[in-house]
$ cat my_file-v8.cif   # mmCIF, C-alpha atoms and all ligand atoms
data_structure
#
loop_
_atom_site.label_atom_id
_atom_site.label_comp_id
_atom_site.auth_asym_id
_atom_site.auth_seq_id
_atom_site.Cartn_x
_atom_site.Cartn_y
_atom_site.Cartn_z
CA MET A 9 -61.02 -30.88 -65.17
CA LYS A 10 -59.26 -34.21 -64.64
CA LYS A 11 -60.53 -37.74 -65.28
CA TYR A 12 -59.16 -41.02 -63.96
CA GLU A 13 -60.35 -44.60 -64.28
CA LEU A 14 -59.26 -46.52 -61.20
CA ASP A 15 -59.84 -49.76 -59.35
CA LEU A 16 -59.67 -50.11 -55.57
CA GLU A 17 -55.95 -50.83 -55.57
CA GLN A 18 -55.25 -47.59 -57.39
CA LEU A 19 -57.31 -45.43 -55.03
CA PRO A 20 -54.47 -44.58 -52.60
CA LEU A 21 -52.72 -42.79 -55.49
CA LEU A 22 -55.77 -40.62 -56.06
CA SER A 23 -56.41 -39.91 -52.39
CA ASP A 24 -52.76 -39.00 -51.74
CA ALA A 25 -52.79 -36.63 -54.72
CA LEU A 26 -56.09 -35.09 -53.66
CA ILE A 27 -54.99 -34.24 -50.14
CA SER A 28 -51.67 -32.83 -51.25
CA ASP A 29 -53.50 -30.28 -53.45
CA PHE A 30 -56.59 -29.74 -51.36
CA SER A 31 -56.49 -30.17 -47.60
CA ASN A 32 -58.88 -27.40 -46.60
CA GLY A 33 -62.34 -26.78 -48.05
CA VAL A 34 -65.34 -28.71 -49.30
CA ILE A 35 -65.28 -31.78 -51.56
CA LEU A 36 -68.66 -32.58 -53.08
CA LEU A 37 -68.90 -36.30 -53.85
CA ARG A 38 -71.42 -37.07 -56.56
CA GLY A 39 -72.53 -40.34 -58.15
CA ASP A 40 -75.23 -42.97 -57.89
CA LEU A 41 -75.76 -45.27 -54.94
CA ALA A 42 -72.79 -47.68 -54.68
CA SER A 43 -70.65 -45.64 -57.06
CA GLY A 44 -67.96 -45.29 -54.37
CA LYS A 45 -68.45 -42.01 -52.48
CA THR A 46 -67.95 -43.47 -48.99
CA THR A 47 -65.07 -45.61 -50.24
CA LEU A 48 -63.19 -42.58 -51.55
CA THR A 49 -63.81 -40.83 -48.23
CA LYS A 50 -62.23 -43.83 -46.46
CA TYR A 51 -59.12 -43.63 -48.63
CA ILE A 52 -58.83 -39.88 -48.11
CA VAL A 53 -59.11 -40.26 -44.32
CA ASN A 54 -56.50 -43.00 -44.51
CA SER A 55 -54.16 -40.83 -46.65
CA LEU A 56 -54.44 -38.19 -43.93
CA GLY A 57 -53.04 -40.75 -41.50
CA LEU A 58 -56.21 -40.99 -39.42
CA LYS A 59 -57.26 -44.31 -37.97
CA ASP A 60 -60.94 -43.43 -37.47
CA GLU A 61 -63.52 -45.81 -38.85
CA VAL A 62 -65.36 -44.20 -41.77
CA THR A 63 -68.99 -45.16 -42.25
CA SER A 64 -71.78 -43.79 -44.39
CA PRO A 65 -73.29 -40.89 -42.41
CA THR A 66 -76.76 -41.66 -43.75
CA PHE A 67 -78.52 -41.21 -40.44
CA SER A 68 -76.23 -38.72 -38.74
CA LEU A 69 -75.87 -35.12 -39.74
CA GLN A 70 -72.12 -35.08 -39.54
CA GLN A 71 -69.22 -37.33 -38.63
CA VAL A 72 -65.88 -35.97 -37.50
CA TYR A 73 -62.58 -37.82 -37.97
CA GLY A 74 -59.47 -36.61 -36.17
CA GLU A 75 -59.84 -32.93 -35.34
CA LYS A 76 -60.78 -31.37 -38.63
CA VAL A 77 -62.10 -33.84 -41.14
CA TYR A 78 -65.88 -33.78 -41.52
CA HIS A 79 -68.16 -36.18 -43.40
CA TYR A 80 -71.78 -35.50 -44.38
CA ASP A 81 -74.47 -37.20 -46.44
CA ILE A 82 -77.31 -35.08 -47.77
CA TYR A 83 -79.34 -37.93 -49.31
CA ASN A 84 -81.86 -38.54 -46.50
CA LYS A 85 -82.30 -35.05 -45.16
CA GLY A 86 -82.35 -33.12 -48.41
CA LEU A 87 -80.56 -29.84 -49.02
CA ASP A 88 -83.17 -27.58 -47.38
CA SER A 89 -83.00 -29.26 -44.00
CA PHE A 90 -79.23 -29.61 -44.28
CA ILE A 91 -79.06 -25.83 -44.60
CA SER A 92 -81.70 -25.07 -41.99
CA LEU A 93 -79.84 -27.26 -39.50
CA GLY A 94 -76.87 -24.92 -39.76
CA MET A 95 -74.60 -27.07 -41.90
CA LEU A 96 -73.29 -24.18 -44.03
CA GLU A 97 -71.68 -22.76 -40.88
CA GLU A 98 -70.14 -26.18 -40.26
CA LEU A 99 -68.77 -26.32 -43.83
CA ASP A 100 -67.09 -22.99 -43.18
CA LYS A 101 -64.97 -24.37 -40.32
CA GLU A 102 -61.28 -24.88 -40.97
CA GLY A 103 -60.62 -28.40 -42.20
CA LEU A 104 -61.62 -30.82 -44.92
CA HIS A 105 -65.34 -31.39 -45.50
CA LEU A 106 -66.49 -34.40 -47.53
CA VAL A 107 -70.11 -34.16 -48.63
CA GLU A 108 -71.87 -37.17 -50.18
CA TRP A 109 -74.78 -36.34 -52.48
CA GLY A 110 -73.91 -32.68 -52.90
CA ASP A 111 -75.89 -31.32 -55.85
CA ASP A 112 -75.85 -28.33 -58.24
CA ALA A 113 -77.88 -26.20 -55.81
CA LEU A 114 -75.37 -26.70 -52.99
CA LYS A 115 -72.51 -26.20 -55.43
CA LYS A 116 -73.93 -22.82 -56.47
CA ILE A 117 -74.43 -21.68 -52.87
CA LEU A 118 -70.86 -22.61 -51.97
CA VAL A 119 -69.29 -21.10 -55.10
CA ASP A 120 -71.26 -17.87 -54.62
CA ALA A 121 -70.17 -17.70 -50.98
CA GLY A 122 -66.52 -18.10 -51.99
CA PHE A 123 -65.84 -21.53 -50.48
CA ASP A 124 -62.83 -23.50 -51.71
CA LEU A 125 -64.63 -26.25 -53.54
CA MET A 126 -63.77 -29.47 -55.33
CA GLU A 127 -66.34 -31.62 -57.09
CA ILE A 128 -65.74 -35.32 -57.73
CA GLU A 129 -68.23 -37.20 -59.88
CA ILE A 130 -67.92 -40.99 -59.70
CA LYS A 131 -69.25 -43.38 -62.34
CA LYS A 132 -69.28 -47.15 -62.27
CA MET A 133 -67.67 -48.58 -65.42
CA GLN A 134 -68.37 -51.87 -67.27
CA ASN A 135 -65.09 -53.33 -65.99
CA ASN A 136 -66.14 -52.53 -62.39
CA LYS A 137 -63.55 -49.76 -62.14
CA ARG A 138 -64.76 -46.26 -61.36
CA GLU A 139 -64.32 -43.11 -63.40
CA TYR A 140 -63.50 -40.06 -61.26
CA THR A 141 -64.10 -36.64 -62.81
CA ILE A 142 -62.58 -33.90 -60.72
CA CYS A 143 -63.16 -30.15 -60.96
CA THR A 144 -62.16 -27.33 -58.67
CA PHE A 145 -63.92 -23.97 -58.32
N1 LIG L 1 -62.57 -47.53 -57.57
C1 LIG L 1 -63.29 -48.62 -57.25
N2 LIG L 1 -63.11 -49.76 -57.94
C2 LIG L 1 -63.84 -50.86 -57.65
N3 LIG L 1 -64.80 -50.92 -56.70
C3 LIG L 1 -65.04 -49.82 -56.00
C4 LIG L 1 -64.31 -48.60 -56.22
N4 LIG L 1 -64.77 -47.65 -55.37
C5 LIG L 1 -65.74 -48.25 -54.63
N5 LIG L 1 -65.92 -49.54 -54.99
C6 LIG L 1 -66.89 -50.48 -54.42
O1 LIG L 1 -68.20 -49.98 -54.62
C7 LIG L 1 -69.09 -50.40 -53.56
C8 LIG L 1 -69.94 -49.25 -53.06
O2 LIG L 1 -69.11 -48.25 -52.55
P1 LIG L 1 -69.63 -47.10 -51.55
O3 LIG L 1 -68.42 -46.28 -51.30
O4 LIG L 1 -70.35 -47.65 -50.39
O5 LIG L 1 -70.66 -46.29 -52.47
P2 LIG L 1 -71.55 -44.98 -52.17
O6 LIG L 1 -71.03 -44.33 -50.92
O7 LIG L 1 -71.36 -44.13 -53.40
O8 LIG L 1 -72.96 -45.46 -52.07
C9 LIG L 1 -68.17 -50.99 -52.49
O9 LIG L 1 -68.31 -52.39 -52.54
C10 LIG L 1 -66.76 -50.58 -52.92
O10 LIG L 1 -65.79 -51.53 -52.55
MG MG L 2 -72.15 -43.64 -49.19
#
$ encode --input "my_file-v8.cif" --output "structure tokens"
Amino acid sequence: MKKYELDLEQLPLLSDALISDFSNGVILLRGDLASGKTTLTKYIVNSLGLKDEVTSPTFSLQQVYGEKVYHYDIYNKGLDSFISLGMLEELDKEGLHLVEWGDDALKKILVDAGFDLMEIEIKKMQNNKREYTICTF
């Protein structure tokens, strides 16, 4: 497990490091509303050299950037409908999958199914920086 406390200016360092270790698989992004899940996704997409606009996929099932970067948000739909809409098959496609609001239930399903998985928990700090706690499975 790794922990970093970073402001916005330091985020490119984290996103560059993340993609150099982990460019294929699922990254579960956890943390309260406005903790910085979409922001980290933006930096990761940028570190990958893609120019696509990254937005919160609150009302869409999935967004695709470039050819193999996928962005999801489970908050509105809930895990059951996410699964019944076939999203586990999507997560299994080659590429990098960034999932906002992934929870313990999804984590267990993915670990049990042998997915390459990284979990990033983001917390807002007093000084307005964010604490990133990163685990891989
Ligand atoms: N590391 C950071 N340091 C300071 N502010 C941050 C950081 N990461 C995100 N933010 C700010 O937090 C706010 C909410 O971010 P957002 O990514 O939309 O959150 P979420 O997707 O978790 O709801 C934005 O204004 C963003 O600029
Ligand atoms: Mg978001």
$ closest_atom_pairs --input "my_file-v8.cif" --of "chain A" --to "ligand LIG 1 (chain L)" --cutoff "8 Å" --atoms "all atoms listed in the file" --output "CSV"
residue,atom,partner,partner_atom,distance
A:Glu13,CA,L:LIG1,N1,7.7
A:Leu14,CA,L:LIG1,N1,5.0
A:Asp15,CA,L:LIG1,N2,3.6
A:Leu16,CA,L:LIG1,N2,4.2
A:Glu17,CA,L:LIG1,N2,7.6
A:Gln18,CA,L:LIG1,N1,7.3
A:Leu19,CA,L:LIG1,N1,6.2
A:Arg38,CA,L:LIG1,O7,7.7
A:Gly39,CA,L:LIG1,O7,6.2
A:Asp40,CA,L:LIG1,O7,6.0
A:Leu41,CA,L:LIG1,O8,4.0
A:Ala42,CA,L:LIG1,O5,3.4
A:Ser43,CA,L:LIG1,O7,4.0
A:Gly44,CA,L:LIG1,O3,3.3
A:Lys45,CA,L:LIG1,O7,3.7
A:Thr46,CA,L:LIG1,O3,3.7
A:Thr47,CA,L:LIG1,O3,3.6
A:Leu48,CA,L:LIG1,O3,6.4
A:Thr49,CA,L:LIG1,O3,7.8
A:Ser64,CA,L:LIG1,O6,6.6
A:Glu108,CA,L:LIG1,O6,7.2
A:Ile130,CA,L:LIG1,O7,7.8
A:Lys132,CA,L:LIG1,C1,8.0
A:Asn136,CA,L:LIG1,C2,5.5
A:Lys137,CA,L:LIG1,N2,4.2
A:Arg138,CA,L:LIG1,N1,4.6
A:Glu139,CA,L:LIG1,N1,7.5
$ atom_distance --input "my_file-v8.cif" --atom1 "CA of Asp120 in chain A" --atom2 "CA of Lys11 in chain A"
25.0 Å
$ axis_aligned_box --input "my_file-v8.cif" --around "range 99-110 of chain A" --padding-each-side "8 Å" --output "JSON"
{"center_x": -67.7, "center_y": -30.1, "center_z": -46.6, "size_x": 30.2, "size_y": 30.2, "size_z": 28.6}
$ residues_around --input "my_file-v8.cif" --residues "Leu99 in chain A" --least-positions-apart "6" --cutoff "9 Å" --atoms "all atoms listed in the file" --output "list in words"
Gly33, Val34, Tyr78, His105 and Phe123 of chain A
$ write_last_selection --input "my_file-v8.cif" --atoms "C-alpha atoms" --output "PDB file, keeping the file's coordinate frame"
ATOM      1  CA  GLY A  33     -62.340 -26.780 -48.050  1.00  0.00           C
ATOM      2  CA  VAL A  34     -65.340 -28.710 -49.300  1.00  0.00           C
ATOM      3  CA  TYR A  78     -65.880 -33.780 -41.520  1.00  0.00           C
ATOM      4  CA  HIS A 105     -65.340 -31.390 -45.500  1.00  0.00           C
ATOM      5  CA  PHE A 123     -65.840 -21.530 -50.480  1.00  0.00           C
TER       6      PHE A 123
END
$ atom_distance --input "my_file-v8.cif" --atom1 "CA of Ile35 in chain A" --atom2 "CA of Ala121 in chain A"
14.9 Å
$ atom_distance --input "my_file-v8.cif" --atom1 "CA of Gly103 in chain A" --atom2 "CA of Leu36 in chain A"
14.2 Å
$ residues_around --input "my_file-v8.cif" --residues "Leu114 in chain A" --least-positions-apart "5" --cutoff "10 Å" --atoms "only C-alpha atoms" --output "list in words"
Leu36, Leu87, Asp88, Phe90, Ile91, Leu96, Trp109, Val119 and Asp120 of chain A
$ write_last_selection --input "my_file-v8.cif" --atoms "C-alpha atoms" --output "PDB file, in the coordinates of the input"
ATOM      1  CA  LEU A  36     -68.660 -32.580 -53.080  1.00  0.00           C
ATOM      2  CA  LEU A  87     -80.560 -29.840 -49.020  1.00  0.00           C
ATOM      3  CA  ASP A  88     -83.170 -27.580 -47.380  1.00  0.00           C
ATOM      4  CA  PHE A  90     -79.230 -29.610 -44.280  1.00  0.00           C
ATOM      5  CA  ILE A  91     -79.060 -25.830 -44.600  1.00  0.00           C
ATOM      6  CA  LEU A  96     -73.290 -24.180 -44.030  1.00  0.00           C
ATOM      7  CA  TRP A 109     -74.780 -36.340 -52.480  1.00  0.00           C
ATOM      8  CA  VAL A 119     -69.290 -21.100 -55.100  1.00  0.00           C
ATOM      9  CA  ASP A 120     -71.260 -17.870 -54.620  1.00  0.00           C
TER      10      ASP A 120
END
$ closest_residue --input "my_file-v8.cif" --among "A:Tyr140, A:Phe145, A:Tyr51, A:Tyr80" --to "ligand MG 2 (chain L)" --atoms "only C-alpha atoms and all ligand atoms"
A:Tyr80
$ residues_around --input "my_file-v8.cif" --residues "range 69-76 of chain A" --least-positions-apart "3" --cutoff "12 Å" --atoms "only C-alpha atoms" --output "PyMOL selection string"
chain A and resi 31-34+49-50+52-54+56-66+79-87+89-96+98-108
$ residues_around --input "my_file-v8.cif" --residues "Cys143 in chain A" --least-positions-apart "4" --cutoff "10 Å" --atoms "all atoms listed in the file" --output "JSON list (two decimals) with C-alpha atoms, in the frame of the given file"
[["chain", "number", "residue", "atom", "x", "y", "z"],
["A", 9, "MET", "CA", -61.02, -30.88, -65.17],
["A", 10, "LYS", "CA", -59.26, -34.21, -64.64],
["A", 11, "LYS", "CA", -60.53, -37.74, -65.28],
["A", 35, "ILE", "CA", -65.28, -31.78, -51.56],
["A", 36, "LEU", "CA", -68.66, -32.58, -53.08],
["A", 125, "LEU", "CA", -64.63, -26.25, -53.54],
["A", 126, "MET", "CA", -63.77, -29.47, -55.33],
["A", 127, "GLU", "CA", -66.34, -31.62, -57.09],
["A", 128, "ILE", "CA", -65.74, -35.32, -57.73],
["A", 129, "GLU", "CA", -68.23, -37.20, -59.88]]
$ closest_residue --input "my_file-v8.cif" --among "A:Lys131, A:Leu37, A:Val77, A:Glu97" --to "ligand MG 2 (chain L)" --atoms "only C-alpha atoms and all ligand atoms"
A:Leu37
$ closest_residue --input "my_file-v8.cif" --among "A:Ile142, A:Lys116, A:Phe67, A:Ile27" --to "ligand MG 2 (chain L)" --atoms "only C-alpha atoms and all ligand atoms"
A:Phe67
$ closest_residue --input "my_file-v8.cif" --among "A:Tyr12, A:Ser23, A:Asp29, A:Gly110" --to "ligand MG 2 (chain L)" --atoms "all atoms listed in the file"
A:Gly110
$ closest_residue --input "my_file-v8.cif" --among "A:Asp111, A:Pro20, A:Ala25, A:Phe30" --to "Asp124 in chain A" --atoms "only C-alpha atoms"
A:Phe30
